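**Q** One file is attached below, start.tsv, containing TSV, C-alpha atoms.
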chain	number	residue	atom	x	y	z
A	14	PRO	CA	119.57	-35.74	-21.47
A	15	ASP	CA	116.77	-37.02	-19.24
A	16	SER	CA	117.93	-35.05	-16.20
A	17	GLU	CA	115.62	-32.76	-14.23
A	18	SER	CA	118.44	-30.37	-13.31
A	19	VAL	CA	119.64	-29.98	-16.91
A	20	TRP	CA	116.15	-29.29	-18.27
A	21	LEU	CA	115.34	-26.82	-15.47
A	22	ALA	CA	118.66	-25.00	-15.85
A	23	ALA	CA	118.08	-24.63	-19.61
A	24	ALA	CA	114.53	-23.37	-19.07
A	25	LYS	CA	115.69	-20.95	-16.36
A	26	LEU	CA	118.27	-19.44	-18.70
A	27	GLU	CA	115.62	-18.71	-21.37
A	28	TRP	CA	113.11	-17.56	-18.76
A	29	GLU	CA	115.45	-15.04	-17.16
A	30	THR	CA	116.43	-13.54	-20.52
A	31	GLY	CA	112.79	-13.00	-21.45
A	32	GLU	CA	112.53	-15.89	-23.92
A	33	ILE	CA	109.28	-17.14	-22.41
A	34	GLU	CA	108.13	-19.24	-25.37
A	35	ARG	CA	111.48	-21.06	-25.51
A	36	ALA	CA	111.31	-21.70	-21.76
A	37	ARG	CA	107.76	-23.01	-22.18
A	38	VAL	CA	108.84	-25.44	-24.93
A	39	LEU	CA	111.78	-26.68	-22.85
A	40	LEU	CA	109.54	-27.29	-19.84
A	41	GLN	CA	107.04	-29.15	-22.02
A	42	ARG	CA	109.84	-31.41	-23.27
A	43	ALA	CA	111.02	-31.88	-19.68
A	44	ARG	CA	107.52	-33.06	-18.69
A	45	GLU	CA	107.62	-35.56	-21.54
A	46	ARG	CA	111.18	-36.83	-21.09
A	47	ALA	CA	112.12	-36.20	-17.45
A	48	PRO	CA	108.90	-35.60	-15.53
A	49	THR	CA	109.30	-34.79	-11.84
A	50	GLU	CA	107.28	-32.81	-9.30
A	51	ARG	CA	109.69	-29.86	-9.62
A	52	VAL	CA	109.34	-29.82	-13.41
A	53	TYR	CA	105.56	-29.54	-13.02
A	54	MET	CA	105.94	-26.87	-10.35
A	55	LYS	CA	108.27	-24.75	-12.52
A	56	SER	CA	105.99	-25.23	-15.52
A	57	ALA	CA	103.01	-23.97	-13.54
A	58	LEU	CA	105.08	-21.12	-12.10
A	59	LEU	CA	106.03	-19.92	-15.58
A	60	GLU	CA	102.35	-19.71	-16.58
A	61	ARG	CA	101.42	-18.10	-13.29
A	62	GLU	CA	104.05	-15.42	-13.77
A	63	GLN	CA	102.62	-14.66	-17.21
A	64	HIS	CA	99.11	-14.40	-15.65
A	65	ASN	CA	98.01	-17.47	-17.62
A	66	TYR	CA	96.10	-18.86	-14.68
A	67	LYS	CA	94.01	-21.52	-16.43
A	68	PRO	CA	97.05	-23.25	-18.02
A	69	ALA	CA	98.88	-22.94	-14.68
A	70	LEU	CA	96.01	-24.61	-12.81
A	71	LYS	CA	95.79	-27.34	-15.46
A	72	LEU	CA	99.50	-28.11	-14.98
A	73	ILE	CA	99.06	-28.09	-11.20
A	74	GLN	CA	96.21	-30.59	-11.48
A	75	GLU	CA	98.26	-32.84	-13.76
A	76	GLY	CA	101.16	-32.61	-11.33
A	77	ILE	CA	98.96	-33.45	-8.34
A	78	GLU	CA	97.61	-36.53	-10.12
A	79	LYS	CA	101.16	-37.76	-10.70
A	80	TYR	CA	102.70	-36.55	-7.43
A	81	PRO	CA	99.91	-36.30	-4.82
A	82	LYS	CA	102.35	-35.94	-1.91
A	83	PHE	CA	104.10	-32.84	-3.30
A	84	ALA	CA	102.72	-30.04	-1.11
A	85	LYS	CA	104.02	-27.10	-3.14
A	86	LEU	CA	101.59	-27.81	-5.98
A	87	TYR	CA	98.61	-27.49	-3.62
A	88	MET	CA	100.10	-24.29	-2.18
A	89	MET	CA	100.49	-22.71	-5.60
A	90	GLY	CA	97.00	-23.75	-6.69
A	91	GLY	CA	95.42	-22.24	-3.59
A	92	GLN	CA	97.41	-19.03	-3.96
A	93	ILE	CA	96.44	-18.62	-7.62
A	94	TYR	CA	92.77	-18.65	-6.60
A	95	SER	CA	93.10	-16.67	-3.36
A	96	LEU	CA	95.81	-14.14	-4.29
A	97	ASP	CA	96.13	-13.83	-8.06
A	98	MET	CA	92.62	-14.34	-9.42
A	99	ALA	CA	91.03	-12.72	-6.36
A	100	ALA	CA	93.21	-9.62	-6.66
A	101	ASP	CA	90.70	-8.06	-9.07
A	102	GLU	CA	87.47	-9.71	-7.94
A	103	LYS	CA	86.91	-11.40	-4.60
A	104	LYS	CA	84.56	-14.03	-5.98
A	105	LYS	CA	83.15	-16.60	-3.60
A	106	SER	CA	83.89	-19.29	-6.19
A	107	TYR	CA	87.62	-18.49	-5.87
A	108	LEU	CA	87.35	-18.94	-2.12
A	109	GLU	CA	85.66	-22.34	-2.55
A	110	LYS	CA	88.23	-23.53	-5.09
A	111	ALA	CA	91.15	-22.40	-2.92
A	112	ARG	CA	89.56	-24.06	0.10
A	113	LYS	CA	89.08	-27.30	-1.85
A	114	ILE	CA	92.67	-27.50	-3.08
A	115	TYR	CA	94.06	-26.78	0.39
A	116	GLN	CA	91.81	-29.50	1.84
A	117	GLN	CA	93.08	-31.97	-0.76
A	118	GLY	CA	96.63	-30.99	0.11
A	119	LEU	CA	96.10	-31.44	3.84
A	120	GLU	CA	94.65	-34.91	3.29
A	121	GLN	CA	97.76	-35.92	1.34
A	122	CYS	CA	100.34	-33.87	3.29
A	123	PRO	CA	99.09	-33.59	6.91
A	124	ASN	CA	102.61	-32.83	8.18
A	125	ASN	CA	103.19	-29.83	5.94
A	126	VAL	CA	102.99	-26.85	8.29
A	127	THR	CA	102.90	-24.21	5.53
A	128	LEU	CA	99.76	-25.77	4.03
A	129	TRP	CA	97.98	-25.63	7.39
A	130	ILE	CA	98.92	-21.97	7.80
A	131	LEU	CA	97.77	-21.06	4.28
A	132	ALA	CA	94.45	-22.86	4.83
A	133	SER	CA	94.00	-21.08	8.16
A	134	ARG	CA	94.70	-17.64	6.66
A	135	LEU	CA	92.21	-18.34	3.88
A	136	GLU	CA	89.48	-18.97	6.47
A	137	GLU	CA	90.51	-15.87	8.42
A	138	THR	CA	89.92	-13.72	5.32
A	139	ALA	CA	86.94	-15.69	3.95
A	140	HIS	CA	84.52	-12.85	4.80
A	141	THR	CA	86.27	-10.60	2.26
A	142	TYR	CA	85.13	-12.81	-0.64
A	143	ALA	CA	81.82	-10.96	-0.95
A	144	ILE	CA	81.16	-11.11	-4.69
A	145	SER	CA	78.98	-13.91	-6.01
A	146	ASP	CA	79.46	-15.08	-9.59
A	147	THR	CA	75.87	-14.17	-10.43
A	148	ALA	CA	76.44	-10.64	-9.12
A	149	THR	CA	79.52	-10.31	-11.32
A	150	ASN	CA	77.67	-11.61	-14.39
A	151	ASN	CA	74.96	-9.01	-13.84
A	152	ASN	CA	77.59	-6.26	-13.71
A	153	ASP	CA	76.75	-5.73	-10.07
A	154	PRO	CA	80.10	-4.85	-8.47
A	155	GLN	CA	79.03	-5.47	-4.92
A	156	GLN	CA	76.80	-8.17	-3.58
A	157	PRO	CA	74.44	-6.63	-1.01
A	158	ASN	CA	75.27	-7.44	2.59
A	159	ASN	CA	72.25	-5.69	4.13
A	160	GLY	CA	74.46	-2.62	4.59
A	161	SER	CA	75.40	-3.85	7.99
A	162	ASN	CA	78.84	-3.55	9.56
A	163	ASN	CA	77.54	-5.97	12.16
A	164	THR	CA	77.11	-8.62	9.44
A	165	ASN	CA	80.71	-8.12	8.32
A	166	SER	CA	81.92	-8.26	11.90
A	167	LYS	CA	80.09	-11.55	12.51
A	168	ALA	CA	81.48	-13.02	9.29
A	169	ALA	CA	85.01	-11.96	10.26
A	170	GLY	CA	84.52	-13.51	13.71
A	171	ALA	CA	83.32	-16.75	12.13
A	172	GLY	CA	86.41	-16.76	9.92
A	173	VAL	CA	88.71	-16.38	12.92
A	174	THR	CA	86.88	-19.25	14.65
A	175	LYS	CA	87.39	-21.52	11.63
A	176	ALA	CA	91.04	-20.50	11.34
A	177	ARG	CA	91.55	-21.19	15.05
A	178	SER	CA	90.00	-24.67	14.71
A	179	LEU	CA	92.25	-25.50	11.76
A	180	LEU	CA	95.36	-24.48	13.69
A	181	GLU	CA	94.25	-26.54	16.69
A	182	LEU	CA	93.85	-29.56	14.43
A	183	ALA	CA	97.22	-28.84	12.85
A	184	ARG	CA	98.89	-28.83	16.28
A	185	LEU	CA	97.26	-32.15	17.18
A	186	LYS	CA	98.71	-33.70	14.03
A	187	ASN	CA	102.05	-31.89	14.39
A	188	PRO	CA	102.85	-31.51	18.10
A	189	LYS	CA	105.67	-29.29	19.34
A	190	ASN	CA	105.76	-27.26	16.13
A	191	ASP	CA	106.73	-23.68	16.92
A	192	GLN	CA	105.52	-22.27	13.57
A	193	LEU	CA	101.96	-23.49	14.20
A	194	TRP	CA	102.00	-22.03	17.71
A	195	LEU	CA	103.36	-18.75	16.37
A	196	GLU	CA	100.59	-18.52	13.77
A	197	ALA	CA	97.96	-19.26	16.43
A	198	VAL	CA	99.31	-16.43	18.62
A	199	ARG	CA	99.38	-14.01	15.69
A	200	LEU	CA	95.85	-14.96	14.63
A	201	GLU	CA	94.56	-13.85	18.04
A	202	ARG	CA	96.61	-10.64	17.91
A	203	ARG	CA	95.18	-9.79	14.49
A	204	ALA	CA	91.69	-10.39	15.92
A	205	ASN	CA	92.54	-8.11	18.90
A	206	ASN	CA	92.22	-11.03	21.34
A	207	THR	CA	95.29	-9.89	23.29
A	208	LYS	CA	94.67	-11.93	26.44
A	209	LEU	CA	94.12	-15.12	24.46
A	210	ALA	CA	97.29	-14.41	22.44
A	211	GLU	CA	99.27	-14.09	25.69
A	212	THR	CA	97.80	-17.33	27.04
A	213	LEU	CA	98.68	-19.15	23.82
A	214	MET	CA	102.21	-17.76	23.88
A	215	ALA	CA	102.69	-19.09	27.42
A	216	ARG	CA	101.47	-22.54	26.33
A	217	ALA	CA	103.62	-22.39	23.20
A	218	LEU	CA	106.76	-21.66	25.22
A	219	GLN	CA	105.95	-24.57	27.54
A	220	GLU	CA	105.77	-26.93	24.57
A	221	CYS	CA	108.67	-25.36	22.60
A	222	PRO	CA	110.81	-23.69	25.30
A	223	LYS	CA	113.87	-23.14	23.10
A	224	SER	CA	112.14	-21.92	19.94
A	225	GLY	CA	113.94	-18.86	18.61
A	226	ALA	CA	110.85	-17.86	16.62
A	227	LEU	CA	108.60	-17.87	19.72
A	228	LEU	CA	111.17	-16.32	22.07
A	229	SER	CA	111.92	-13.45	19.67
A	230	GLU	CA	108.21	-12.81	19.06
A	231	ASN	CA	107.67	-12.80	22.80
A	232	ILE	CA	110.29	-10.04	23.17
A	233	LEU	CA	109.11	-7.87	20.27
A	234	THR	CA	105.40	-7.98	21.15
A	235	ALA	CA	105.77	-7.58	24.92
A	236	PRO	CA	104.89	-4.32	26.68
A	237	ARG	CA	107.93	-2.08	26.96
A	238	VAL	CA	108.36	-2.66	30.69
A	239	GLU	CA	108.51	-6.46	30.20
A	240	GLN	CA	110.88	-6.61	27.22
A	241	LYS	CA	114.11	-6.61	29.22
A	242	SER	CA	113.08	-9.54	31.44
A	243	LYS	CA	111.78	-11.51	28.44
A	244	SER	CA	115.09	-10.87	26.66
A	245	LYS	CA	117.03	-12.35	29.58
A	246	ILE	CA	114.85	-15.47	29.57
A	247	ALA	CA	115.25	-15.84	25.79
A	248	ILE	CA	119.05	-15.55	25.96
A	249	GLN	CA	119.18	-18.13	28.75
A	250	ARG	CA	117.05	-20.59	26.79
A	251	ASN	CA	118.58	-20.17	23.34
A	252	PRO	CA	121.70	-17.99	23.26
A	253	GLU	CA	122.66	-19.10	19.74
A	254	SER	CA	119.37	-18.26	17.99
A	255	PRO	CA	119.86	-15.52	15.36
A	256	LEU	CA	116.19	-14.58	15.82
A	257	VAL	CA	116.65	-14.05	19.55
A	258	ILE	CA	119.89	-12.14	18.96
A	259	ALA	CA	118.20	-9.82	16.42
A	260	ALA	CA	115.28	-9.20	18.80
A	261	VAL	CA	117.66	-8.34	21.65
A	262	ALA	CA	119.65	-6.08	19.30
A	263	THR	CA	116.42	-4.30	18.31
A	264	LEU	CA	115.63	-3.74	22.00
A	265	LEU	CA	119.13	-2.37	22.63
A	266	ALA	CA	118.74	0.00	19.68
A	267	SER	CA	115.45	1.30	21.05
A	268	ASP	CA	117.28	1.99	24.34
A	269	ARG	CA	119.85	4.00	22.33
A	270	LYS	CA	122.64	1.54	23.22
A	271	LEU	CA	123.80	1.76	19.63
A	272	GLU	CA	127.29	0.26	19.73
A	273	LYS	CA	126.10	-2.66	21.78
A	274	ALA	CA	123.14	-3.15	19.41
A	275	ARG	CA	125.48	-3.10	16.39
A	276	LYS	CA	127.60	-5.87	17.95
A	277	TRP	CA	124.50	-8.01	18.53
A	278	PHE	CA	123.25	-7.48	14.95
A	279	GLU	CA	126.72	-8.40	13.71
A	280	ARG	CA	126.70	-11.56	15.80
A	281	GLY	CA	123.33	-12.53	14.35
A	282	VAL	CA	124.41	-12.34	10.71
A	283	MET	CA	127.68	-14.12	11.48
A	284	LEU	CA	125.82	-17.00	13.16
A	285	ASP	CA	123.59	-17.63	10.14
A	286	PRO	CA	124.40	-15.61	6.99
A	287	ASP	CA	121.63	-17.49	5.15
A	288	LEU	CA	118.90	-15.83	7.26
A	289	GLY	CA	117.64	-12.85	5.29
A	290	ASP	CA	115.59	-11.47	8.20
A	291	SER	CA	118.77	-10.90	10.27
A	292	TRP	CA	120.37	-8.94	7.43
A	293	ALA	CA	117.19	-6.87	7.02
A	294	ARG	CA	116.99	-6.00	10.72
A	295	TYR	CA	120.68	-5.06	10.72
A	296	PHE	CA	120.12	-2.94	7.60
A	297	CYS	CA	117.13	-1.20	9.25
A	298	PHE	CA	119.31	-0.39	12.24
A	299	GLU	CA	121.99	1.18	10.02
A	300	LEU	CA	119.35	3.14	8.08
A	301	ASP	CA	118.20	4.66	11.37
A	302	HIS	CA	121.53	5.08	13.14
A	303	GLY	CA	124.43	4.40	10.78
A	304	THR	CA	126.40	6.34	8.20
A	305	PRO	CA	125.82	5.88	4.44
A	306	GLU	CA	129.05	3.85	4.40
A	307	GLN	CA	127.79	1.52	7.14
A	308	GLN	CA	124.46	1.10	5.34
A	309	THR	CA	126.21	0.24	2.07
A	310	ALA	CA	128.56	-2.19	3.84
A	311	VAL	CA	125.65	-4.19	5.34
A	312	LYS	CA	123.80	-4.26	2.01
A	313	ASP	CA	126.92	-5.38	0.09
A	314	ARG	CA	127.58	-8.16	2.60
A	315	CYS	CA	123.97	-9.30	2.37
A	316	ILE	CA	124.17	-9.43	-1.43
A	317	LYS	CA	127.37	-11.47	-1.18
A	318	ALA	CA	125.81	-13.87	1.36
A	319	GLU	CA	122.79	-14.53	-0.95
A	320	PRO	CA	120.38	-15.39	1.91
A	321	LYS	CA	117.60	-17.85	1.12
A	322	HIS	CA	115.69	-18.18	4.36
A	323	GLY	CA	113.77	-16.11	6.88
A	324	GLU	CA	110.03	-15.61	7.33
A	325	LEU	CA	109.91	-12.00	6.12
A	326	TRP	CA	112.66	-12.59	3.57
A	327	GLN	CA	110.83	-15.44	1.87
A	328	SER	CA	107.50	-13.59	1.93
A	329	VAL	CA	109.13	-10.83	-0.14
A	330	VAL	CA	111.37	-12.94	-2.39
A	331	LYS	CA	108.55	-15.37	-3.26
A	332	ASP	CA	106.03	-12.62	-3.97
A	333	MET	CA	105.19	-12.86	-7.68
A	334	ASN	CA	105.82	-9.11	-8.06
A	335	ASN	CA	109.39	-9.52	-6.83
A	336	ARG	CA	110.40	-12.65	-8.74
A	337	HIS	CA	113.09	-10.91	-10.78
A	338	LYS	CA	114.25	-8.34	-8.23
A	339	SER	CA	117.86	-8.35	-7.02
A	340	ILE	CA	118.92	-9.25	-3.48
A	341	GLY	CA	119.58	-5.58	-2.76
A	342	GLN	CA	116.08	-4.60	-3.91
A	343	CYS	CA	114.53	-7.36	-1.80
A	344	LEU	CA	116.55	-6.19	1.21
A	345	ASP	CA	115.03	-2.71	0.79
A	346	LEU	CA	111.52	-4.18	0.64
A	347	VAL	CA	111.99	-6.37	3.74
A	348	ALA	CA	113.38	-3.35	5.62
A	349	ILE	CA	110.22	-1.40	4.75
A	350	GLN	CA	108.10	-4.29	6.11
A	351	ILE	CA	110.07	-4.34	9.36
A	352	LYS	CA	109.73	-0.58	9.81
A	353	THR	CA	105.98	-0.75	9.10
A	354	LYS	CA	105.46	-3.54	11.63
A	355	ALA	CA	107.48	-1.68	14.25
A	356	ALA	CA	105.43	1.48	13.66
A	357	ASN	CA	102.18	-0.50	13.98
A	358	ARG	CA	103.33	-2.00	17.30
A	359	THR	CA	104.09	1.44	18.76
A	360	THR	CA	100.65	2.78	17.80
A	361	GLN	CA	98.76	-0.18	19.30
Represent the structure from my file as structure tokens, please.
**A**
Amino acid sequence: PDSESVWLAAAKLEWETGEIERARVLLQRARERAPTERVYMKSALLEREQHNYKPALKLIQEGIEKYPKFAKLYMMGGQIYSLDMAADEKKKSYLEKARKIYQQGLEQCPNNVTLWILASRLEETAHTYAISDTATNNNDPQQPNNGSNNTNSKAAGAGVTKARSLLELARLKNPKNDQLWLEAVRLERRANNTKLAETLMARALQECPKSGALLSENILTAPRVEQKSKSKIAIQRNPESPLVIAAVATLLASDRKLEKARKWFERGVMLDPDLGDSWARYFCFELDHGTPEQQTAVKDRCIKAEPKHGELWQSVVKDMNNRHKSIGQCLDLVAIQIKTKAANRTTQ
């Protein structure tokens, strides 16, 4: 059968039962008999998961040549260089190759917001790629940087400037996109440019006044004394946003209005059961304030709902280390992320 779905389902079955070679053969046949962009993506993903990065990159390149408008191939290629291969050695050559593949992707897919954000984050962290290939070949683990923290600081600042420019260009090409505004705000927060972050948030909410992502971020990052007023504004602008509802519920929980908070968390997961972040925030709340039975009930309902979306949820589920983890295990990991972020906000 020359059907993408049949070939991918057969390969997935072998893959998930540990029959990697059989899955590899099936995907090779699929590329010969029913080639599609998804077949190439899954083929590259299989090799990436096995840490076979060169074959994975070869498949990505073949896929890009056949399907130049398929953004996910560029994303995976950039991440193999910047996350996987750079995990052991932060070689400058990996930075350049990741940068090149993201640039190619942006030329072909200028409306793909995720690609812009990945390219921006690469520039933001470019100063961490300190090892030259010649230094590595000479068994020199660290390329000299004149021993100066000032040099590192300047390099980091230059990276933030490049990242900022990329996001500005992205917003010109994709106006009124709340995810690009959100990333721009967070970039400035990470760089400790608090005033600039606040200015950008104000501009973002002018351009995207009903964005649940921006409104909820505006609540969670506001000073304590301003959170209540920002919550009221958010509810007025977008009362049906699960992100806004979860942010308001989090605020209620911090005010020890526990029953009211529980009702708001419940409303959030009922509005959109597919949003993993809402389940994770609800689960965090029950871990802090609920009984073991209430914690188990939220986890069981999340598992049954099988959520697929959510910023934090996808960042955990799509992490290569978590590829074969269950929904319940992923829920635990997202809850840890939420708690960590909340702790960091309170210490800032």
**Q** I'd like to know which of A:Ile77, A:Ala69, A:Ala197, A:Ala99 is closest to A:Arg134, using only C-alpha atoms.
**A** A:Ala197
**Q** Find the spatial neighbours of A:Asn125, counting all atoms listed in the file, within a cut-off of 12 Å - ignore same-chain residues fewer than 6 positions away - and output them as a VMD selection string.
**A** chain A and resid 82 to 85 87 to 88 115 118 to 119 131 to 132 183 to 184 186 to 187 190 192 to 193
**Q** Report, in Å to a single decimal, how far apart atom CA of A:Val347 and atom CA of A:Ile246 are.
**A**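 Separation between atom CA of A:Ile246 and atom CA of A:Val347: 27.5 Å.
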**Q** Give me, please, the distance in Å between atom CA of A:Ser95 and atom CA of A:His322, quoted to one decimal.
**A** 23.9 Å
**Q** Please compute the atom CA of A:Cys315-atom CA of A:Trp292 distance, one decimal, in Å.
**A** 6.2 Å
**Q** Could you list, as a list of chain:residue names, every residue within 12 Å of A:Gly303, counting only C-alpha atoms and ignoring same-chain residues fewer than 4 positions away?
**A** A:Ala266, A:Leu271, A:Glu272, A:Ala274, A:Arg275, A:Tyr295, A:Phe296, A:Cys297, A:Phe298, A:Glu299, A:Gln307, A:Gln308, A:Thr309, A:Ala310, A:Val311
**Q** With all atoms listed in the file as the counted atoms, please give the residues lying no more than 9 Å from A:Gly341, apart from itself and same-chain residues fewer than 4 positions off, as JSON, numbers by chain.
**A** {"A": [312, 313, 315, 316, 345, 346]}
**Q** Go through stretch 184-264 of chain A residue by residue and, counting only C-alpha atoms, keep those with an atom at most 12 Å from stretch 280-286 of chain A; for each kept residue give the shortest atom pair and its distance in Å to one decimal, ordered by chain and increasing number, as a Markdown table.
**A**
| residue | atom | partner | partner_atom | distance |
| --- | --- | --- | --- | --- |
| A:Pro252 | CA | A:Gly281 | CA | 10.6 |
| A:Glu253 | CA | A:Leu284 | CA | 7.6 |
| A:Ser254 | CA | A:Gly281 | CA | 7.9 |
| A:Pro255 | CA | A:Gly281 | CA | 4.7 |
| A:Leu256 | CA | A:Gly281 | CA | 7.6 |
| A:Val257 | CA | A:Gly281 | CA | 8.6 |
| A:Ile258 | CA | A:Gly281 | CA | 5.8 |
| A:Ala259 | CA | A:Gly281 | CA | 6.2 |
| A:Ala260 | CA | A:Gly281 | CA | 9.8 |
| A:Val261 | CA | A:Gly281 | CA | 10.1 |
| A:Ala262 | CA | A:Gly281 | CA | 8.9 |
| A:Thr263 | CA | A:Gly281 | CA | 11.5 |
**Q** My list of candidates is A:Met98, A:Lys189, A:Leu218, A:Pro81. Which is closest to A:Val126 when distances are computed with all atoms listed in the file?
**A**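 With all atoms listed in the file as the atom set, the closest residue is A:Lys189.
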**Q** Fewer than 5 positions away in the same chain doesn't count, so skip those; otherwise give me all residues within 12 Å of stretch 30-45 of chain A, counting all atoms listed in the file, as number ranges by chain.
**A** A: 14-25, 50-63, 68-69, 72, 75-76, 79, 337
**Q** Return the single residue from A:Arg177, A:Lys273, A:Lys110, A:Lys223 that is closest to A:Trp129, with distances computed using all atoms listed in the file.
**A** A:Arg177
**Q** Using all atoms listed in the file, can you list as a PyMOL selection string the residues within 6 Å of (113.7, -11.4, 10.7)?
**A** chain A and resi 290-291+325
**Q** Using all atoms listed in the file, which protein or nucleic acid residues come within 10 Å of A:Ser339? Drop anything in the same chain fewer than 5 positions from it, and give the result as a list in words.
**A**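 Once the nearby chain positions are removed, what remains is Ile316, Glu319, Val330 and Leu344 of chain A.
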**Q** Restricting the calculation to all atoms listed in the file, which member of A:Met333, A:Cys343, A:Leu288, A:Ile351 is positioned closest to A:Leu96?
**A**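 The shortest atom-to-atom distance to A:Leu96 comes from A:Met333.
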**Q** Between A:Ala293, A:Leu26, A:Ala171, A:Leu265, which one has atoms that come closest to A:Gly323, using only C-alpha atoms?
**A**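 Under the stated criterion, the closest residue is A:Ala293.
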